[in-house]
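Shown next: query_25.cif, given as mmCIF, N, CA and C atoms.
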```cif
data_my_file
#
loop_
_atom_site.label_atom_id
_atom_site.label_comp_id
_atom_site.auth_asym_id
_atom_site.auth_seq_id
_atom_site.Cartn_x
_atom_site.Cartn_y
_atom_site.Cartn_z
N MET H 271 0.84 -1.17 0.00
CA MET H 271 0.00 0.00 0.00
C MET H 271 0.89 1.23 0.00
N LYS H 272 0.57 2.18 -0.82
CA LYS H 272 1.36 3.39 -0.94
C LYS H 272 0.87 4.45 0.03
N ASN H 273 1.81 5.11 0.70
CA ASN H 273 1.51 6.27 1.54
C ASN H 273 0.40 6.03 2.56
N LEU H 274 0.40 4.88 3.20
CA LEU H 274 -0.62 4.59 4.20
C LEU H 274 -0.63 5.63 5.30
N THR H 275 0.55 6.10 5.69
CA THR H 275 0.60 7.07 6.78
C THR H 275 -0.07 8.38 6.41
N GLN H 276 -0.24 8.65 5.14
CA GLN H 276 -0.92 9.87 4.72
C GLN H 276 -2.43 9.72 4.75
N GLN H 277 -2.94 8.52 4.98
CA GLN H 277 -4.38 8.31 4.94
C GLN H 277 -4.96 7.92 6.29
N VAL H 278 -4.22 8.04 7.34
CA VAL H 278 -4.73 7.67 8.65
C VAL H 278 -5.58 8.81 9.20
N GLY H 279 -6.78 8.47 9.65
CA GLY H 279 -7.67 9.46 10.24
C GLY H 279 -8.61 10.07 9.21
N PHE H 280 -9.60 10.77 9.72
CA PHE H 280 -10.59 11.45 8.88
C PHE H 280 -10.44 12.94 9.06
N SER H 281 -10.71 13.69 8.00
CA SER H 281 -10.65 15.15 8.07
C SER H 281 -11.95 15.75 8.59
N GLN H 282 -12.97 14.92 8.76
CA GLN H 282 -14.28 15.37 9.24
C GLN H 282 -14.77 14.39 10.31
N ARG H 283 -15.69 14.86 11.13
CA ARG H 283 -16.33 13.95 12.08
C ARG H 283 -17.31 13.08 11.32
N VAL H 284 -17.19 11.78 11.51
CA VAL H 284 -18.06 10.83 10.83
C VAL H 284 -18.76 10.00 11.91
N ARG H 285 -20.07 10.07 11.92
CA ARG H 285 -20.85 9.36 12.93
C ARG H 285 -20.96 7.87 12.56
N LEU H 286 -20.96 7.03 13.59
CA LEU H 286 -21.10 5.59 13.39
C LEU H 286 -22.37 5.27 12.62
N GLU H 287 -23.45 5.96 12.90
CA GLU H 287 -24.71 5.69 12.20
C GLU H 287 -24.58 5.93 10.69
N TRP H 288 -23.75 6.90 10.29
CA TRP H 288 -23.55 7.17 8.86
C TRP H 288 -22.72 6.06 8.22
N LEU H 289 -21.72 5.57 8.94
CA LEU H 289 -20.93 4.44 8.44
C LEU H 289 -21.82 3.21 8.27
N GLU H 290 -22.68 2.95 9.26
CA GLU H 290 -23.58 1.80 9.19
C GLU H 290 -24.59 1.95 8.06
N LYS H 291 -25.14 3.14 7.90
CA LYS H 291 -26.12 3.38 6.84
C LYS H 291 -25.49 3.16 5.47
N THR H 292 -24.27 3.66 5.29
CA THR H 292 -23.58 3.47 4.02
C THR H 292 -23.34 1.98 3.75
N ALA H 293 -22.88 1.26 4.76
CA ALA H 293 -22.66 -0.18 4.61
C ALA H 293 -23.97 -0.89 4.26
N ASN H 294 -25.05 -0.51 4.91
CA ASN H 294 -26.34 -1.14 4.63
C ASN H 294 -26.82 -0.84 3.21
N LEU H 295 -26.55 0.36 2.72
CA LEU H 295 -26.91 0.70 1.34
C LEU H 295 -26.15 -0.19 0.35
N ILE H 296 -24.89 -0.46 0.66
CA ILE H 296 -24.08 -1.33 -0.20
C ILE H 296 -24.59 -2.77 -0.12
N LEU H 297 -24.86 -3.23 1.10
CA LEU H 297 -25.37 -4.59 1.27
C LEU H 297 -26.71 -4.79 0.57
N ALA H 298 -27.48 -3.71 0.44
CA ALA H 298 -28.78 -3.79 -0.24
C ALA H 298 -28.64 -3.77 -1.76
N GLY H 299 -27.40 -3.62 -2.25
CA GLY H 299 -27.16 -3.69 -3.68
C GLY H 299 -27.28 -2.38 -4.43
N ASN H 300 -27.28 -1.26 -3.73
CA ASN H 300 -27.38 0.05 -4.38
C ASN H 300 -26.11 0.38 -5.15
N ASP H 301 -26.26 1.13 -6.24
CA ASP H 301 -25.09 1.57 -7.00
C ASP H 301 -24.53 2.87 -6.41
N LYS H 302 -23.39 3.28 -6.94
CA LYS H 302 -22.67 4.44 -6.40
C LYS H 302 -23.53 5.70 -6.39
N GLN H 303 -24.23 5.97 -7.48
CA GLN H 303 -25.05 7.18 -7.55
C GLN H 303 -26.21 7.13 -6.56
N SER H 304 -26.84 5.98 -6.42
CA SER H 304 -27.94 5.83 -5.46
C SER H 304 -27.46 6.03 -4.03
N ILE H 305 -26.29 5.50 -3.73
CA ILE H 305 -25.72 5.67 -2.40
C ILE H 305 -25.40 7.13 -2.15
N ASN H 306 -24.80 7.79 -3.12
CA ASN H 306 -24.48 9.21 -2.99
C ASN H 306 -25.76 10.02 -2.76
N ASP H 307 -26.79 9.75 -3.54
CA ASP H 307 -28.06 10.47 -3.40
C ASP H 307 -28.67 10.24 -2.01
N ALA H 308 -28.63 8.99 -1.55
CA ALA H 308 -29.17 8.68 -0.23
C ALA H 308 -28.40 9.40 0.87
N LEU H 309 -27.08 9.41 0.76
CA LEU H 309 -26.26 10.09 1.77
C LEU H 309 -26.49 11.60 1.74
N GLN H 310 -26.66 12.16 0.55
CA GLN H 310 -26.98 13.60 0.47
C GLN H 310 -28.26 13.88 1.26
N GLY H 311 -29.26 13.03 1.09
CA GLY H 311 -30.52 13.21 1.80
C GLY H 311 -30.37 13.03 3.30
N ILE H 312 -29.62 12.02 3.71
CA ILE H 312 -29.42 11.75 5.14
C ILE H 312 -28.69 12.90 5.82
N LEU H 313 -27.69 13.44 5.15
CA LEU H 313 -26.85 14.48 5.76
C LEU H 313 -27.35 15.90 5.49
N GLU H 314 -28.38 16.04 4.68
CA GLU H 314 -28.86 17.35 4.25
C GLU H 314 -29.13 18.31 5.41
N ASN H 315 -29.78 17.85 6.45
CA ASN H 315 -30.11 18.72 7.58
C ASN H 315 -29.19 18.51 8.78
N LYS H 316 -28.07 17.84 8.55
CA LYS H 316 -27.14 17.56 9.64
C LYS H 316 -25.77 18.21 9.44
N VAL H 317 -25.38 18.41 8.18
CA VAL H 317 -24.05 18.92 7.87
C VAL H 317 -24.16 19.97 6.76
N SER H 318 -23.39 21.03 6.87
CA SER H 318 -23.36 22.10 5.85
C SER H 318 -24.74 22.70 5.61
N ILE H 319 -25.48 22.90 6.66
CA ILE H 319 -26.82 23.48 6.53
C ILE H 319 -26.69 24.93 6.09
N GLY H 320 -27.30 25.23 4.96
CA GLY H 320 -27.25 26.60 4.43
C GLY H 320 -25.91 26.98 3.83
N GLY H 321 -25.00 26.04 3.76
CA GLY H 321 -23.68 26.33 3.19
C GLY H 321 -23.74 26.48 1.69
N SER H 322 -22.85 27.29 1.15
CA SER H 322 -22.84 27.50 -0.30
C SER H 322 -21.53 27.05 -0.95
N ALA H 323 -20.66 26.43 -0.17
CA ALA H 323 -19.38 25.97 -0.72
C ALA H 323 -19.62 24.85 -1.73
N VAL H 324 -18.86 24.87 -2.79
CA VAL H 324 -18.97 23.83 -3.82
C VAL H 324 -18.68 22.47 -3.21
N ARG H 325 -17.67 22.41 -2.40
CA ARG H 325 -17.30 21.15 -1.74
C ARG H 325 -17.24 21.40 -0.24
N GLY H 326 -18.40 21.38 0.39
CA GLY H 326 -18.49 21.64 1.82
C GLY H 326 -18.26 20.39 2.64
N ASN H 327 -18.55 20.51 3.93
CA ASN H 327 -18.34 19.40 4.85
C ASN H 327 -19.15 18.17 4.48
N ARG H 328 -20.38 18.37 4.00
CA ARG H 328 -21.22 17.23 3.63
C ARG H 328 -20.55 16.40 2.53
N GLU H 329 -20.06 17.06 1.51
CA GLU H 329 -19.41 16.35 0.41
C GLU H 329 -18.14 15.64 0.88
N LYS H 330 -17.42 16.28 1.79
CA LYS H 330 -16.20 15.65 2.32
C LYS H 330 -16.54 14.40 3.13
N ILE H 331 -17.60 14.48 3.92
CA ILE H 331 -18.03 13.31 4.71
C ILE H 331 -18.48 12.19 3.79
N ILE H 332 -19.24 12.53 2.75
CA ILE H 332 -19.69 11.51 1.80
C ILE H 332 -18.49 10.86 1.11
N THR H 333 -17.49 11.64 0.78
CA THR H 333 -16.28 11.07 0.17
C THR H 333 -15.62 10.08 1.12
N ILE H 334 -15.54 10.42 2.40
CA ILE H 334 -14.96 9.51 3.39
C ILE H 334 -15.78 8.23 3.47
N LEU H 335 -17.09 8.36 3.56
CA LEU H 335 -17.96 7.18 3.65
C LEU H 335 -17.82 6.30 2.41
N MET H 336 -17.74 6.92 1.25
CA MET H 336 -17.60 6.15 0.01
C MET H 336 -16.24 5.46 -0.05
N LYS H 337 -15.19 6.12 0.43
CA LYS H 337 -13.86 5.50 0.42
C LYS H 337 -13.79 4.32 1.38
N VAL H 338 -14.49 4.42 2.50
CA VAL H 338 -14.50 3.31 3.46
C VAL H 338 -15.20 2.09 2.87
N TRP H 339 -16.37 2.30 2.26
CA TRP H 339 -17.21 1.17 1.88
C TRP H 339 -17.31 0.88 0.39
N LEU H 340 -17.09 1.86 -0.47
CA LEU H 340 -17.36 1.63 -1.88
C LEU H 340 -16.13 1.74 -2.77
N THR H 341 -15.38 2.81 -2.64
CA THR H 341 -14.20 3.02 -3.49
C THR H 341 -12.93 2.71 -2.70
N THR H 342 -12.97 1.60 -2.02
CA THR H 342 -11.88 1.15 -1.17
C THR H 342 -10.65 0.81 -2.02
N PRO H 343 -9.44 1.19 -1.58
CA PRO H 343 -8.24 0.77 -2.31
C PRO H 343 -8.21 -0.75 -2.45
N SER H 344 -7.75 -1.24 -3.57
CA SER H 344 -7.81 -2.68 -3.86
C SER H 344 -7.14 -3.54 -2.79
N GLU H 345 -6.06 -3.05 -2.21
CA GLU H 345 -5.37 -3.85 -1.20
C GLU H 345 -6.16 -3.94 0.11
N LEU H 346 -7.17 -3.09 0.28
CA LEU H 346 -8.01 -3.12 1.48
C LEU H 346 -9.37 -3.76 1.23
N GLU H 347 -9.63 -4.17 0.01
CA GLU H 347 -10.93 -4.77 -0.31
C GLU H 347 -11.23 -6.01 0.52
N PRO H 348 -10.26 -6.91 0.78
CA PRO H 348 -10.57 -8.06 1.63
C PRO H 348 -11.04 -7.65 3.03
N LEU H 349 -10.44 -6.62 3.60
CA LEU H 349 -10.86 -6.13 4.91
C LEU H 349 -12.27 -5.56 4.84
N ARG H 350 -12.54 -4.77 3.79
CA ARG H 350 -13.88 -4.22 3.60
C ARG H 350 -14.91 -5.32 3.45
N ASP H 351 -14.60 -6.31 2.61
CA ASP H 351 -15.53 -7.40 2.36
C ASP H 351 -15.81 -8.20 3.63
N ALA H 352 -14.78 -8.46 4.41
CA ALA H 352 -14.96 -9.18 5.67
C ALA H 352 -15.82 -8.36 6.63
N SER H 353 -15.61 -7.06 6.63
CA SER H 353 -16.40 -6.18 7.50
C SER H 353 -17.87 -6.20 7.11
N LEU H 354 -18.14 -6.15 5.82
CA LEU H 354 -19.53 -6.21 5.35
C LEU H 354 -20.17 -7.54 5.73
N GLU H 355 -19.41 -8.63 5.62
CA GLU H 355 -19.94 -9.94 6.01
C GLU H 355 -20.28 -9.97 7.50
N LEU H 356 -19.42 -9.38 8.32
CA LEU H 356 -19.69 -9.32 9.76
C LEU H 356 -20.95 -8.53 10.05
N LEU H 357 -21.14 -7.42 9.35
CA LEU H 357 -22.33 -6.61 9.57
C LEU H 357 -23.61 -7.38 9.25
N LYS H 358 -23.52 -8.34 8.34
CA LYS H 358 -24.69 -9.15 8.00
C LYS H 358 -25.11 -10.07 9.15
N VAL H 359 -24.13 -10.55 9.91
CA VAL H 359 -24.43 -11.59 10.91
C VAL H 359 -24.43 -11.12 12.36
N ILE H 360 -23.75 -10.03 12.64
CA ILE H 360 -23.69 -9.54 14.02
C ILE H 360 -24.92 -8.69 14.30
N PRO H 361 -25.61 -8.94 15.41
CA PRO H 361 -26.77 -8.11 15.74
C PRO H 361 -26.39 -6.63 15.83
N ARG H 362 -27.28 -5.78 15.37
CA ARG H 362 -27.02 -4.33 15.35
C ARG H 362 -26.61 -3.80 16.72
N SER H 363 -27.16 -4.36 17.76
CA SER H 363 -26.84 -3.89 19.12
C SER H 363 -25.38 -4.13 19.47
N ASN H 364 -24.70 -4.99 18.73
CA ASN H 364 -23.29 -5.28 18.99
C ASN H 364 -22.33 -4.53 18.08
N HIS H 365 -22.84 -3.64 17.23
CA HIS H 365 -21.97 -2.88 16.32
C HIS H 365 -21.18 -1.86 17.10
#
```
Just dump the structure as structure tokens.
Amino acid sequence: MKNLTQQVGFSQRVRLEWLEKTANLILAGNDKQSINDALQGILENKVSIGGSAVRGNREKIITILMKVWLTTPSELEPLRDASLELLKVIPRSNH
């Protein structure tokens, strides 16, 4: 993996519920655009409310969520896939 130390941490606060929702959207078979649209709706009244920036906090958070679950670097895909499998079988109360 190239430059792993440059990718540690998030530049925005990301709530666990948003990570779970994104994972569930993927597990439900949604495509990238559908997931993006759903996340825009979920975060609409929570992040960048009334903001006019082209790439505000909401878009940055969505990028983070997509990188974790959808556009994962190829060398991390096995970890992502294993995580999605665990989410299928572990009760939500244990997440």
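You will find atom CA of H:Asn315 at 9.8 Å from atom CA of H:Arg328.
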Taking only N, CA and C atoms into account, which of H:Gln310, H:Pro361, H:Leu335, H:Thr342 comes nearest H:Thr292? H:Leu335
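If you look at atom N of H:Arg285 and atom C of H:Asn327, they are 11.0 Å away from each other.
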Can you list, as a ChimeraX atom specification, all residues belonging to chain H that DSSP tags as alpha helix (DSSP H)? /H:286-297,302-313,327-339,347-359
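For the atom pair formed by atom CA of H:Arg283 and atom CA of H:Gly326, the distance is 13.0 Å, given to one decimal.
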For H:Ser304: contacts at 12 Å, only C-alpha atoms, fewer than 6 positions along chain excluded, given as a ChimeraX atom specification: /H:292,295-296,298,310-311,336,340
